[in-house]
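Engineer: After the structure tokens below, expect a handful of questions from me.
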Amino acid sequence: MNRLFRSSFFVALAVTMLAACNEVKILEEVPLDFYSPENSYTRPEHFEAAITYIYDKTRNVFYNNDDKKGFSLISGSDYLRDARNDGSFSMGDYRLLTPSSAQPDYWWRQLYGIISAANVIIDRIGAAEYSDETARTQMLAEARFFRGFAYRALGCLFGGVPLIEHEITTPRRDFVRATREETYRLAATDLLFAAQNLPEKKDVKAPGRLNRSAAYHFLAEMYLALEEFDNAVKAASAVIDDPAFGLMKVRFGNRKDDPGNPWWDLFQMGNQNLAENTEAIWVAQIEPDDGRLGVGNYKIERICGCVYYQLKDPDGVEGFIGPTTQNGGRGAGYLGPTTYWADELWRSDWDNDQRNQEPNMIRDFVYDNPKSKYYGKKVSENKGTNYDTKYYCYPFQSKITQRGDHPAYLYASEEDMAIGLLTSSAMKTYHDQYFARLAETYLLRAEAYLRDGYPDKAANDINEVRARVGAHPISAADVTIDYILDERLRELSFEETRILTLARLEMVYDRVSRYNDYIEGETISEYNNLYPIPYSEIERNTEAVLEQNPGYE
């Protein structure tokens, strides 16, 4: 199998295996001529198919989504808001986040779907015919990683949730919530088992397959949530001290001879899975073998890119020939940055932090329509008749786009390809995405050091991340939780699931109310640090009380 997520046979087989019913006696017998749970989970290849399904589902949950559900973990935050609608939850109006909203329902159902699929493997693998016990243990470790990964997100978003540790084969309507600490504890226990039993990075079977360092990375985050700071340091250090990993500080990959720097190289097509990329911990596989067609439906380029190509010049003439690859593709301006992210966040290192400079940051555009007398002039210095930084012209980091490298089929003709003009089909992001990257591990350890009373060690870790991009070093006196959150924005914007981070720290209200400047009045409350439990789940749970989070009753 060339790519881990490309086998439609395995996915179809896994879906078949996951459908079970034991209400009729005949189905309790073991069929011999078609797949059922009894004969589908007996050999290693059956579990390989099932785990492939979980990888595929997890990628689709986080990277195959639309602007109303999946992107809710970055929008309405301290750095992204709805650029099209003045009143919306994605803008930051949390009054619109209710138990009937699409966002909490999406994440509840999808994350429990991952847990359900993992539990099937966990419960059935012990009786399977494995000749290699190491392979059996590694498969169990993968399943437990995904279960812990899902409970990690549920705990951050909802607080305490029902803990389901075994396969459910009959309908249940009696779920009760555990505490948030118990939820995090289960996640940490699963991730620890995974860390102790998954292979090293060099021994993984295929690109995108889990290694022990991915488990240690997320384990460090769960120890932070449990306020076990020493354990968080140890877990993060297990990754940082592994000689297989290191921040990328030299040019590498497919476009290393183009103008740029190592940070830019991290996000270029095909570079995420390269053996020389020692910063990649776990990568979601989106780019296919041919490097172009892409899989899934991850539209971050369209969702977060601005609509620069509709700008008019000061005379009202179209300033651009249309959406072009060199300008960052065909953005639609659904989610734009807050003023804080676009401006204040970078002030101390505006001219030296490479993350705020070309080619990493797109801040300005040049009129490229030869029919305009402003052809070749900067938009910022010649603002047109419809110039608008909310929707048409805002900065974004080029990591969200295939800038200068869009697939060939997105050009209508060779003439269009020569000038970079893209068709209306250009809207997806085609390169692989980082679930976990070493720079974040440094920032997790910095948080653990700070909260454990060692700001000097925290500053050292932050400076490792900053030095790579030419930013000035900071001192121990500079380190606060706010500073670490700011550094995460500079380094991990459009990568981290920001709302999970803020929710884990119980700082959604604090950061959104301070920095989301497009919302007027009291549109967010402290109880919004947690999502509401979906009303549909409470309603169908008729044999026990599934308590709602305070503020949403």
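Residues in the structure tokens are numbered from 1 in each chain, the chains being A, B, ... in the order shown, and ligands are numbered from 1 in the order shown.
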Once DSSP has gone over the backbone, tell me which residues of region 337-434 of chain A are in strand (DSSP E or B), as number ranges by chain.
Structural biologist: A: 337, 361-362, 366, 378, 396-397, 421, 433-434
Engineer: Quick one: pick out all alpha helix (DSSP H) residues within region 188-279 of chain A from a backbone DSSP run and write them as a PyMOL selection string.
Structural biologist: chain A and resi 188-197+212-225+229-240+262-265
Engineer: Find the distance between CA of His431 (chain A) and CA of Ile286 (chain A) and write it in Å to one decimal.
Structural biologist: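 If I compute the distance from CA of His431 (chain A) to CA of Ile286 (chain A), I get 6.0 Å.
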Engineer: I'd like to know which of A:Asn297, A:Ser213, A:Thr339, A:Ser40 is closest to Ser237 (chain A), using only C-alpha atoms.
Structural biologist: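 Ranking A:Asn297, A:Ser213, A:Thr339, A:Ser40 by distance to Ser237 (chain A), first place goes to A:Ser213.
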Engineer: Which residues are close to region 497-502 of chain A, i.e. within 10 Å by only C-alpha atoms, leaving aside same-chain residues fewer than 2 positions away? Reply as a PyMOL selection string.
Structural biologist: chain A and resi 62+70-80+152-157+221+225+435+485+488-489+492-495+504-512+529-530
